[in-house]
file start26.txt (compact mmCIF, C-alpha atoms and all ligand atoms)
# COMPACT_ATOMS: atom_id res chain seq x y z
CA MET J 1 0.00 0.00 0.00
CA THR J 2 1.37 3.40 -0.92
CA LEU J 3 0.29 6.36 1.04
CA PHE J 4 0.13 9.63 -0.86
CA SER J 5 2.17 8.93 -3.95
CA THR J 6 2.57 11.09 -7.04
CA ASP J 7 2.04 8.78 -10.00
CA LEU J 8 -0.51 10.75 -11.96
CA SER J 9 1.41 13.88 -12.94
CA GLN J 10 -0.54 15.76 -10.33
CA GLN J 11 -0.05 19.45 -9.82
CA GLN J 12 2.33 20.52 -7.09
CA ILE J 13 0.94 23.33 -4.97
CA ASP J 14 3.03 24.61 -2.07
CA GLY J 15 4.94 21.33 -2.06
CA HIS J 16 1.83 19.11 -1.97
CA ALA J 17 0.43 16.95 -4.75
CA PHE J 18 -2.97 17.99 -6.04
CA PRO J 19 -4.83 15.74 -5.90
CA ALA J 20 -3.22 13.60 -3.20
CA LEU J 21 -3.17 9.99 -4.36
CA VAL J 22 -3.51 6.94 -2.12
CA THR J 23 -2.93 3.64 -3.88
CA GLY J 24 -3.68 0.40 -2.16
CA ARG J 25 -5.67 -2.77 -2.22
CA GLY J 26 -8.27 -4.47 -0.10
CA ASP J 27 -11.17 -2.99 1.73
CA LEU J 28 -11.35 0.80 1.47
CA ALA J 29 -13.65 1.12 4.48
CA ALA J 30 -11.07 -0.59 6.69
CA PHE J 31 -8.30 1.61 5.31
CA ILE J 32 -10.25 4.80 5.92
CA ARG J 33 -11.22 3.70 9.43
CA SER J 34 -7.60 3.23 10.45
CA ASN J 35 -6.13 6.22 8.60
CA LYS J 36 -8.73 8.96 9.01
CA SER J 37 -6.51 11.53 10.66
CA GLU J 38 -3.80 11.21 8.00
CA ILE J 39 -6.45 11.39 5.27
CA ASP J 40 -7.81 14.56 6.82
CA ARG J 41 -4.31 16.05 7.00
CA GLN J 42 -3.81 15.38 3.29
CA LEU J 43 -7.24 16.74 2.50
CA ALA J 44 -6.40 19.95 4.35
CA VAL J 45 -3.19 20.57 2.37
CA SER J 46 -4.30 19.24 -1.02
CA GLY J 47 -8.05 19.74 -1.17
CA THR J 48 -8.60 16.34 -2.82
CA VAL J 49 -7.62 12.78 -1.93
CA LEU J 50 -7.98 10.07 -4.60
CA PHE J 51 -8.16 6.43 -3.45
CA ARG J 52 -7.16 4.06 -6.25
CA GLY J 53 -6.74 0.30 -6.43
CA PHE J 54 -8.87 -0.58 -3.41
CA ALA J 55 -11.71 -3.06 -3.62
CA VAL J 56 -14.85 -0.94 -4.00
CA PRO J 57 -17.00 -3.24 -6.11
CA SER J 58 -20.41 -1.68 -5.55
CA PRO J 59 -22.32 1.38 -4.37
CA GLN J 60 -22.84 -0.51 -1.10
CA ALA J 61 -19.06 -0.82 -0.63
CA PHE J 62 -18.78 2.91 -1.35
CA ASP J 63 -21.50 3.56 1.21
CA GLN J 64 -19.48 1.56 3.77
CA ALA J 65 -16.34 3.58 3.02
CA ILE J 66 -18.30 6.77 3.68
CA GLY J 67 -19.63 5.24 6.88
CA ALA J 68 -16.05 4.43 7.89
CA TYR J 69 -15.11 8.07 7.40
CA GLY J 70 -17.68 8.66 10.07
CA GLU J 71 -18.84 12.23 9.51
CA ASP J 72 -22.45 13.39 9.24
CA GLY J 73 -24.05 13.33 5.82
CA PHE J 74 -25.60 16.27 4.01
CA SER J 75 -28.80 15.06 2.48
CA TYR J 76 -29.57 15.79 -1.17
CA ALA J 77 -33.30 15.68 -0.39
CA GLU J 78 -32.97 18.55 2.07
CA SER J 79 -30.49 20.51 -0.03
CA LEU J 80 -31.39 23.23 -2.52
CA SER J 81 -29.31 21.65 -5.27
CA ASN J 82 -30.58 22.30 -8.81
CA ALA J 83 -29.23 19.06 -10.27
CA VAL J 84 -31.50 16.11 -10.98
CA ARG J 85 -30.17 13.11 -9.07
CA VAL J 86 -31.32 9.66 -8.07
CA ASN J 87 -30.56 8.04 -4.72
CA VAL J 88 -28.84 4.63 -4.78
CA THR J 89 -28.51 4.24 -1.00
CA PRO J 90 -29.80 6.79 1.51
CA ARG J 91 -26.51 8.72 1.35
CA VAL J 92 -25.28 7.83 -2.15
CA PHE J 93 -26.79 9.28 -5.32
CA THR J 94 -26.04 9.70 -9.01
CA ALA J 95 -23.81 12.76 -9.43
CA ASN J 96 -25.90 14.38 -12.14
CA GLU J 97 -28.43 12.95 -14.56
CA ALA J 98 -27.61 15.51 -17.28
CA PRO J 99 -26.96 13.97 -20.76
CA PRO J 100 -23.38 12.84 -21.65
CA ASP J 101 -22.73 15.70 -24.07
CA VAL J 102 -23.49 18.34 -21.43
CA SER J 103 -20.44 19.83 -19.70
CA ILE J 104 -20.79 20.72 -16.07
CA PHE J 105 -18.38 23.54 -15.44
CA LEU J 106 -16.32 24.29 -12.35
CA HIS J 107 -18.25 25.07 -9.21
CA HIS J 108 -18.27 24.68 -5.46
CA GLU J 109 -21.12 22.36 -4.58
CA MET J 110 -24.28 24.36 -3.81
CA ALA J 111 -22.44 27.66 -3.36
CA GLN J 112 -25.47 29.29 -4.99
CA THR J 113 -27.59 28.48 -1.94
CA PRO J 114 -27.24 29.24 1.78
CA LEU J 115 -26.84 25.48 2.49
CA TYR J 116 -23.79 23.64 1.20
CA PRO J 117 -21.75 20.58 2.11
CA SER J 118 -18.20 20.88 3.48
CA LYS J 119 -16.91 17.80 1.62
CA LEU J 120 -17.91 15.50 -1.22
CA PHE J 121 -17.19 11.87 -1.94
CA PHE J 122 -17.23 10.57 -5.53
CA TYR J 123 -17.13 6.93 -6.59
CA CYS J 124 -16.55 5.68 -10.10
CA GLU J 125 -18.74 2.60 -10.52
CA ILE J 126 -18.29 2.50 -14.30
CA ALA J 127 -15.48 4.40 -16.01
CA PRO J 128 -16.61 6.00 -19.27
CA GLY J 129 -15.46 4.83 -22.72
CA SER J 130 -13.94 8.23 -23.41
CA GLY J 131 -14.04 11.65 -21.76
CA GLY J 132 -15.96 12.10 -18.54
CA ALA J 133 -13.08 13.33 -16.38
CA THR J 134 -13.85 15.42 -13.33
CA PRO J 135 -12.02 18.73 -13.69
CA LEU J 136 -10.68 19.98 -10.36
CA CYS J 137 -9.45 23.48 -9.61
CA ARG J 138 -7.93 24.86 -6.44
CA SER J 139 -10.07 27.84 -5.57
CA ASP J 140 -7.51 29.47 -3.27
CA VAL J 141 -4.95 29.50 -6.07
CA LEU J 142 -7.50 30.95 -8.47
CA MET J 143 -8.34 33.68 -5.95
CA GLU J 144 -4.66 34.48 -5.43
CA LYS J 145 -4.18 34.88 -9.21
CA LEU J 146 -7.28 37.00 -9.49
CA GLN J 147 -6.14 39.28 -6.68
CA GLN J 148 -2.78 39.73 -8.38
CA ARG J 149 -4.24 40.36 -11.80
CA ARG J 150 -7.47 42.19 -11.00
CA PRO J 151 -7.39 43.54 -7.44
CA ASP J 152 -10.32 45.87 -8.24
CA LEU J 153 -12.51 43.01 -9.43
CA SER J 154 -11.61 40.60 -6.64
CA GLN J 155 -12.34 43.34 -4.10
CA ARG J 156 -15.72 43.94 -5.71
CA PHE J 157 -16.65 40.27 -5.42
CA GLU J 158 -15.51 40.23 -1.84
CA THR J 159 -17.40 43.33 -0.71
CA LEU J 160 -20.58 43.04 -2.72
CA GLY J 161 -21.26 39.30 -2.77
CA LEU J 162 -23.69 37.83 -5.28
CA ARG J 163 -27.35 37.20 -5.88
CA TYR J 164 -28.41 34.22 -7.97
CA THR J 165 -31.58 33.99 -10.03
CA HIS J 166 -32.82 30.60 -11.12
CA THR J 167 -36.01 29.33 -12.73
CA MET J 168 -37.13 25.86 -11.69
CA PRO J 169 -39.58 23.72 -13.66
CA ASP J 170 -42.78 22.28 -12.27
CA SER J 171 -41.54 18.73 -12.89
CA PRO J 172 -37.96 17.42 -13.32
CA ASP J 173 -36.26 18.32 -16.62
CA ARG J 174 -33.60 15.70 -17.31
CA ASP J 175 -32.34 17.53 -20.40
CA SER J 176 -30.87 20.22 -18.18
CA GLY J 177 -27.96 20.13 -15.72
CA GLN J 178 -30.15 22.33 -13.48
CA GLY J 179 -33.49 20.69 -14.10
CA ARG J 180 -34.61 19.82 -10.57
CA SER J 181 -38.24 20.80 -10.05
CA TRP J 182 -39.22 23.44 -7.51
CA ARG J 183 -41.22 20.85 -5.57
CA ASP J 184 -38.15 18.60 -5.21
CA THR J 185 -35.67 21.46 -4.69
CA LEU J 186 -37.71 23.00 -1.92
CA GLY J 187 -39.10 19.71 -0.61
CA VAL J 188 -42.69 20.93 -0.83
CA ALA J 189 -45.95 19.77 -2.37
CA ASP J 190 -47.60 23.04 -3.30
CA ARG J 191 -47.13 26.72 -4.00
CA ALA J 192 -48.02 27.91 -0.52
CA ALA J 193 -45.41 25.68 1.11
CA ALA J 194 -42.84 26.76 -1.50
CA GLU J 195 -43.47 30.41 -0.64
CA THR J 196 -43.16 29.77 3.08
CA ARG J 197 -39.80 28.02 2.65
CA LEU J 198 -38.49 30.79 0.37
CA ARG J 199 -39.65 33.53 2.74
CA ASP J 200 -37.88 31.81 5.65
CA MET J 201 -34.61 31.77 3.69
CA GLY J 202 -34.81 35.37 2.53
CA TYR J 203 -35.43 34.60 -1.16
CA ASP J 204 -37.53 36.66 -3.62
CA TRP J 205 -39.71 34.75 -6.09
CA THR J 206 -42.08 35.05 -9.04
CA TRP J 207 -44.32 32.41 -10.59
CA VAL J 208 -43.81 32.29 -14.35
CA ASP J 209 -45.21 30.38 -17.36
CA ASP J 210 -45.82 26.62 -17.18
CA ASP J 211 -46.02 26.75 -13.39
CA ALA J 212 -42.27 27.35 -13.23
CA LEU J 213 -40.84 29.27 -10.30
CA ARG J 214 -38.19 31.99 -10.60
CA VAL J 215 -36.29 32.59 -7.38
CA ARG J 216 -33.59 35.05 -6.35
CA THR J 217 -31.31 34.39 -3.40
CA PRO J 218 -30.45 36.85 -0.68
CA VAL J 219 -26.91 38.25 -0.98
CA LEU J 220 -24.47 35.33 -0.67
CA ASP J 221 -20.68 35.40 -0.35
CA ALA J 222 -18.68 35.34 -3.57
CA VAL J 223 -15.43 34.91 -1.65
CA LYS J 224 -14.89 33.03 1.57
CA THR J 225 -11.95 33.16 3.95
CA LEU J 226 -10.70 29.78 5.18
CA PRO J 227 -9.73 29.38 8.84
CA ASP J 228 -6.04 29.74 7.89
CA GLY J 229 -6.66 33.07 6.12
CA ARG J 230 -6.63 31.85 2.50
CA LYS J 231 -9.42 33.25 0.36
CA VAL J 232 -11.44 31.06 -2.01
CA PHE J 233 -13.68 31.94 -4.95
CA PHE J 234 -16.66 30.22 -3.36
CA ASN J 235 -19.48 30.73 -5.84
CA GLN J 236 -21.08 29.40 -9.01
CA LEU J 237 -19.98 32.13 -11.43
CA ILE J 238 -17.91 29.95 -13.74
CA ALA J 239 -20.53 27.20 -14.02
CA ALA J 240 -23.31 29.72 -14.50
CA PHE J 241 -21.59 31.85 -17.14
CA ARG J 242 -20.45 28.84 -19.12
CA GLY J 243 -23.33 26.54 -18.80
CA TRP J 244 -26.47 27.42 -16.93
CA GLN J 245 -28.43 27.58 -20.11
CA ASP J 246 -31.66 25.77 -20.63
CA LYS J 247 -35.02 26.78 -21.93
CA ARG J 248 -35.79 28.65 -18.70
CA ASN J 249 -32.40 30.17 -17.81
CA ASP J 250 -30.05 32.68 -19.42
CA PRO J 251 -26.56 32.56 -17.86
CA SER J 252 -25.76 36.23 -18.40
CA LYS J 253 -28.73 37.18 -16.24
CA SER J 254 -28.47 34.44 -13.63
CA ILE J 255 -26.05 36.22 -11.32
CA THR J 256 -25.54 39.85 -10.33
CA PHE J 257 -23.39 41.49 -7.72
CA GLY J 258 -25.11 41.74 -4.36
CA ASP J 259 -26.20 45.32 -5.10
CA GLY J 260 -27.93 44.18 -8.32
CA SER J 261 -25.24 45.52 -10.68
CA MET J 262 -24.28 43.41 -13.69
CA ILE J 263 -21.14 41.31 -13.91
CA ASP J 264 -19.12 42.13 -17.01
CA PRO J 265 -18.91 39.02 -19.27
CA HIS J 266 -15.36 40.07 -20.24
CA ASP J 267 -14.34 39.84 -16.61
CA MET J 268 -15.85 36.38 -16.48
CA THR J 269 -13.94 35.36 -19.60
CA GLU J 270 -10.74 36.35 -17.83
CA ILE J 271 -11.63 34.36 -14.72
CA ILE J 272 -12.63 31.33 -16.82
CA GLU J 273 -9.25 31.45 -18.60
CA LEU J 274 -7.45 31.60 -15.26
CA SER J 275 -9.43 28.64 -13.93
CA ASP J 276 -8.84 26.59 -17.09
CA ALA J 277 -5.10 27.07 -16.70
CA LEU J 278 -5.29 25.79 -13.10
CA THR J 279 -7.52 22.78 -13.79
CA TYR J 280 -6.44 19.19 -13.21
CA ASP J 281 -8.53 16.55 -14.98
CA LEU J 282 -9.22 13.54 -12.80
CA SER J 283 -9.63 10.65 -15.27
CA TRP J 284 -11.63 7.97 -13.55
CA GLN J 285 -10.82 4.30 -13.25
CA THR J 286 -13.52 1.91 -12.14
CA GLY J 287 -13.40 1.58 -8.35
CA ASP J 288 -11.84 5.00 -7.71
CA VAL J 289 -13.08 7.01 -4.77
CA ALA J 290 -12.24 10.70 -4.33
CA LEU J 291 -12.76 12.92 -1.33
CA LEU J 292 -12.98 16.67 -2.02
CA ASP J 293 -12.89 19.63 0.31
CA ASN J 294 -15.77 21.72 -1.04
CA PHE J 295 -14.25 24.95 0.28
CA GLN J 296 -10.83 24.54 -1.32
CA VAL J 297 -11.66 22.83 -4.59
CA MET J 298 -14.08 23.40 -7.45
CA HIS J 299 -15.22 20.46 -9.56
CA GLY J 300 -17.17 19.80 -12.75
CA ARG J 301 -17.78 17.07 -15.34
CA ARG J 302 -16.36 16.73 -18.85
CA PRO J 303 -18.64 15.38 -21.58
CA PHE J 304 -18.22 11.68 -22.29
CA LYS J 305 -19.08 8.81 -24.60
CA GLY J 306 -20.25 5.39 -23.54
CA LYS J 307 -21.63 4.48 -20.17
CA ARG J 308 -20.30 6.36 -17.16
CA ARG J 309 -21.54 6.01 -13.65
CA VAL J 310 -20.07 8.24 -10.99
CA LEU J 311 -21.89 8.36 -7.68
CA ALA J 312 -21.63 11.03 -5.04
CA SER J 313 -22.24 11.57 -1.37
CA LEU J 314 -22.09 14.79 0.63
CA ILE J 315 -20.71 15.51 4.09
CA SER J 316 -22.41 18.29 6.02
FE FE2 J 401 -21.27 19.39 -8.32
call {"tool": "encode", "arguments": {"input": "start26.txt", "output": "structure tokens"}}
result
Amino acid sequence: MTLFSTDLSQQQIDGHAFPALVTGRGDLAAFIRSNKSEIDRQLAVSGTVLFRGFAVPSPQAFDQAIGAYGEDGFSYAESLSNAVRVNVTPRVFTANEAPPDVSIFLHHEMAQTPLYPSKLFFYCEIAPGSGGATPLCRSDVLMEKLQQRRPDLSQRFETLGLRYTHTMPDSPDRDSGQGRSWRDTLGVADRAAAETRLRDMGYDWTWVDDDALRVRTPVLDAVKTLPDGRKVFFNQLIAAFRGWQDKRNDPSKSITFGDGSMIDPHDMTEIIELSDALTYDLSWQTGDVALLDNFQVMHGRRPFKGKRRVLASLIS
């Protein structure tokens, strides 16, 4: 068993491999149970730990590995995630049901809502024929580059925060990466209950055609400061500007600064270029498990061909 090796041409950030790689064999749950503190140390310095070569033959084995990690789950049912997902075990679900040719661009999980997980587990049950990597980007490094290159802009994100607008369909739309219905997203059965939940969270809303619901968040952080002082670009700007397009949503109007002012698409192009240059593509092998720190690392999904099944689980 090799702890924390560097066989995958990982990035080196401040002397640490990104992602950190653990290769081994045998039961992953047992490994995690006896090495949790070292895993957490690596997660803190790298932002991602990839477990490769262990025996993780099924979603149930993945579920046991998560159980061995021993931290509380963050339930998809209670979250305000926009992605359509299907549960496989109570804490394991399909990562996103969007079609294979749809790219899911870099984001921090659920940073567009007031409720987000601190960590994510991914499990590759079936590696795709081609494509389908999970792009990973260190958000603290991106923020550092942005501060160097555009101190004005990074300051604006930090002081003003963001408001997100999103239109949710009446029933799930599987053709969209953000097609979760308002009933499922809010966990409600009718309009009155939807309005109560939104009011409690400080959202604005409007009912639009086809019984769809357009909501706008209260002002949320665009930049967060980690306990050690590093700043991270904790938001959904990149994913939204590149890809939140479906028949209900126009990416250029989805997000404004917290004061309602528009975000210049040229500025976003610059940030997207920076993030592309910092991205590491995690190419999945069947049986891989990855643990991501949702505050340090953004993730996405490359388009793919063939069958691909990557499952996810969230830690609160
Ligand atoms: Fe995600």
call {"tool": "closest_residue", "arguments": {"input": "start26.txt", "among": "J:Arg174, J:Arg163, J:Arg180, J:Arg149", "to": "Leu220 in chain J", "atoms": "all atoms listed in the file"}}
result
J:Arg163
call {"tool": "residues_around", "arguments": {"input": "start26.txt", "residues": "Met143 in chain J", "least_positions_apart": "3", "cutoff": "12 Å", "atoms": "all atoms listed in the file", "output": "MDAnalysis selection string"}}
result
chainID J and resid 137:140 146:151 153:155 157:158 222:225 230:235 271:272 274:275 278 296:298
call {"tool": "atom_distance", "arguments": {"input": "start26.txt", "atom1": "CA of Asp63 in chain J", "atom2": "CA of Asp173 in chain J"}}
result
27.5 Å
call {"tool": "closest_atom_pairs", "arguments": {"input": "start26.txt", "of": "range 51-120 of chain J", "to": "range 10-31 of chain J", "cutoff": "10 Å", "atoms": "all atoms listed in the file", "output": "JSON lines"}}
result
{"residue": "J:Phe51", "atom": "CA", "partner": "J:Val22", "partner_atom": "CA", "distance": 4.9}
{"residue": "J:Arg52", "atom": "CA", "partner": "J:Thr23", "partner_atom": "CA", "distance": 4.9}
{"residue": "J:Gly53", "atom": "CA", "partner": "J:Gly24", "partner_atom": "CA", "distance": 5.3}
{"residue": "J:Phe54", "atom": "CA", "partner": "J:Arg25", "partner_atom": "CA", "distance": 4.1}
{"residue": "J:Ala55", "atom": "CA", "partner": "J:Gly26", "partner_atom": "CA", "distance": 5.1}
{"residue": "J:Val56", "atom": "CA", "partner": "J:Leu28", "partner_atom": "CA", "distance": 6.7}
{"residue": "J:Pro57", "atom": "CA", "partner": "J:Asp27", "partner_atom": "CA", "distance": 9.8}
{"residue": "J:Ala61", "atom": "CA", "partner": "J:Ala29", "partner_atom": "CA", "distance": 7.7}
{"residue": "J:Phe62", "atom": "CA", "partner": "J:Ala29", "partner_atom": "CA", "distance": 8.0}
{"residue": "J:Asp63", "atom": "CA", "partner": "J:Ala29", "partner_atom": "CA", "distance": 8.8}
{"residue": "J:Gln64", "atom": "CA", "partner": "J:Ala29", "partner_atom": "CA", "distance": 5.9}
{"residue": "J:Ala65", "atom": "CA", "partner": "J:Ala29", "partner_atom": "CA", "distance": 3.9}
{"residue": "J:Ile66", "atom": "CA", "partner": "J:Ala29", "partner_atom": "CA", "distance": 7.4}
{"residue": "J:Gly67", "atom": "CA", "partner": "J:Ala29", "partner_atom": "CA", "distance": 7.6}
{"residue": "J:Ala68", "atom": "CA", "partner": "J:Ala29", "partner_atom": "CA", "distance": 5.3}
{"residue": "J:Tyr69", "atom": "CA", "partner": "J:Ala29", "partner_atom": "CA", "distance": 7.7}
call {"tool": "axis_aligned_box", "arguments": {"input": "start26.txt", "around": "range 44-56 of chain J", "padding_each_side": "6 Å", "output": "AutoDock Vina command-line options"}}
result
--center_x -9.0 --center_y 8.8 --center_z -1.0 --size_x 23.7 --size_y 35.6 --size_z 22.8
call {"tool": "residues_around", "arguments": {"input": "start26.txt", "residues": "Tyr123 in chain J", "least_positions_apart": "6", "cutoff": "9 Å", "atoms": "only C-alpha atoms", "output": "compact mmCIF listing (two decimals) with C-alpha atoms, keeping the file's coordinate frame"}}
result
# COMPACT_ATOMS: atom_id res chain seq x y z
CA VAL J 56 -14.85 -0.94 -4.00
CA PRO J 59 -22.32 1.38 -4.37
CA PHE J 62 -18.78 2.91 -1.35
CA TRP J 284 -11.63 7.97 -13.55
CA THR J 286 -13.52 1.91 -12.14
CA GLY J 287 -13.40 1.58 -8.35
CA ASP J 288 -11.84 5.00 -7.71
CA VAL J 289 -13.08 7.01 -4.77
CA ALA J 290 -12.24 10.70 -4.33
CA ARG J 309 -21.54 6.01 -13.65
CA VAL J 310 -20.07 8.24 -10.99
CA LEU J 311 -21.89 8.36 -7.68
CA ALA J 312 -21.63 11.03 -5.04
CA SER J 313 -22.24 11.57 -1.37
call {"tool": "closest_atom_pairs", "arguments": {"input": "start26.txt", "of": "chain J", "to": "ligand FE2 401 (chain J)", "cutoff": "12 Å", "atoms": "all atoms listed in the file", "output": "Markdown table"}}
result
| residue | atom | partner | partner_atom | distance |
| --- | --- | --- | --- | --- |
| J:Tyr76 | CA | J:FE2_401 | FE | 11.5 |
| J:Ser81 | CA | J:FE2_401 | FE | 8.9 |
| J:Asn82 | CA | J:FE2_401 | FE | 9.8 |
| J:Ala83 | CA | J:FE2_401 | FE | 8.2 |
| J:Val84 | CA | J:FE2_401 | FE | 11.1 |
| J:Arg85 | CA | J:FE2_401 | FE | 10.9 |
| J:Phe93 | CA | J:FE2_401 | FE | 11.9 |
| J:Thr94 | CA | J:FE2_401 | FE | 10.8 |
| J:Ala95 | CA | J:FE2_401 | FE | 7.2 |
| J:Asn96 | CA | J:FE2_401 | FE | 7.8 |
| J:Glu97 | CA | J:FE2_401 | FE | 11.5 |
| J:Ala98 | CA | J:FE2_401 | FE | 11.6 |
| J:Ser103 | CA | J:FE2_401 | FE | 11.4 |
| J:Ile104 | CA | J:FE2_401 | FE | 7.9 |
| J:Phe105 | CA | J:FE2_401 | FE | 8.7 |
| J:Leu106 | CA | J:FE2_401 | FE | 8.0 |
| J:His107 | CA | J:FE2_401 | FE | 6.5 |
| J:His108 | CA | J:FE2_401 | FE | 6.7 |
| J:Glu109 | CA | J:FE2_401 | FE | 4.8 |
| J:Met110 | CA | J:FE2_401 | FE | 7.4 |
| J:Ala111 | CA | J:FE2_401 | FE | 9.7 |
| J:Gln112 | CA | J:FE2_401 | FE | 11.3 |
| J:Tyr116 | CA | J:FE2_401 | FE | 10.7 |
| J:Pro117 | CA | J:FE2_401 | FE | 10.5 |
| J:Lys119 | CA | J:FE2_401 | FE | 11.0 |
| J:Leu120 | CA | J:FE2_401 | FE | 8.8 |
| J:Phe121 | CA | J:FE2_401 | FE | 10.7 |
| J:Phe122 | CA | J:FE2_401 | FE | 10.1 |
| J:Thr134 | CA | J:FE2_401 | FE | 9.8 |
| J:Pro135 | CA | J:FE2_401 | FE | 10.7 |
| J:Leu136 | CA | J:FE2_401 | FE | 10.8 |
| J:Gly177 | CA | J:FE2_401 | FE | 10.0 |
| J:Gln178 | CA | J:FE2_401 | FE | 10.7 |
| J:Asn235 | CA | J:FE2_401 | FE | 11.7 |
| J:Gln236 | CA | J:FE2_401 | FE | 10.0 |
| J:Ala239 | CA | J:FE2_401 | FE | 9.7 |
| J:Leu292 | CA | J:FE2_401 | FE | 10.8 |
| J:Asn294 | CA | J:FE2_401 | FE | 9.4 |
| J:Val297 | CA | J:FE2_401 | FE | 10.9 |
| J:Met298 | CA | J:FE2_401 | FE | 8.3 |
| J:His299 | CA | J:FE2_401 | FE | 6.3 |
| J:Gly300 | CA | J:FE2_401 | FE | 6.1 |
| J:Arg301 | CA | J:FE2_401 | FE | 8.2 |
| J:Arg302 | CA | J:FE2_401 | FE | 11.9 |
| J:Val310 | CA | J:FE2_401 | FE | 11.5 |
| J:Leu311 | CA | J:FE2_401 | FE | 11.1 |
| J:Ala312 | CA | J:FE2_401 | FE | 9.0 |
| J:Ser313 | CA | J:FE2_401 | FE | 10.5 |
| J:Leu314 | CA | J:FE2_401 | FE | 10.1 |
call {"tool": "atom_distance", "arguments": {"input": "start26.txt", "atom1": "CA of Pro169 in chain J", "atom2": "CA of Trp182 in chain J"}}
result
6.2 Å
call {"tool": "closest_residue", "arguments": {"input": "start26.txt", "among": "J:Ser9, J:Ser181, J:Thr89, J:Ser37", "to": "Leu282 in chain J", "atoms": "only C-alpha atoms"}}
result
J:Ser9
call {"tool": "closest_residue", "arguments": {"input": "start26.txt", "among": "J:Ala192, J:Phe295, J:Ser252, J:Leu8", "to": "Leu226 in chain J", "atoms": "all atoms listed in the file"}}
result
J:Phe295
call {"tool": "atom_distance", "arguments": {"input": "start26.txt", "atom1": "CA of Asp293 in chain J", "atom2": "CA of Gly47 in chain J"}}
result
5.1 Å
call {"tool": "closest_residue", "arguments": {"input": "start26.txt", "among": "J:Gly132, J:Pro227, J:Arg214, J:Gly260", "to": "Asp281 in chain J", "atoms": "only C-alpha atoms"}}
result
J:Gly132
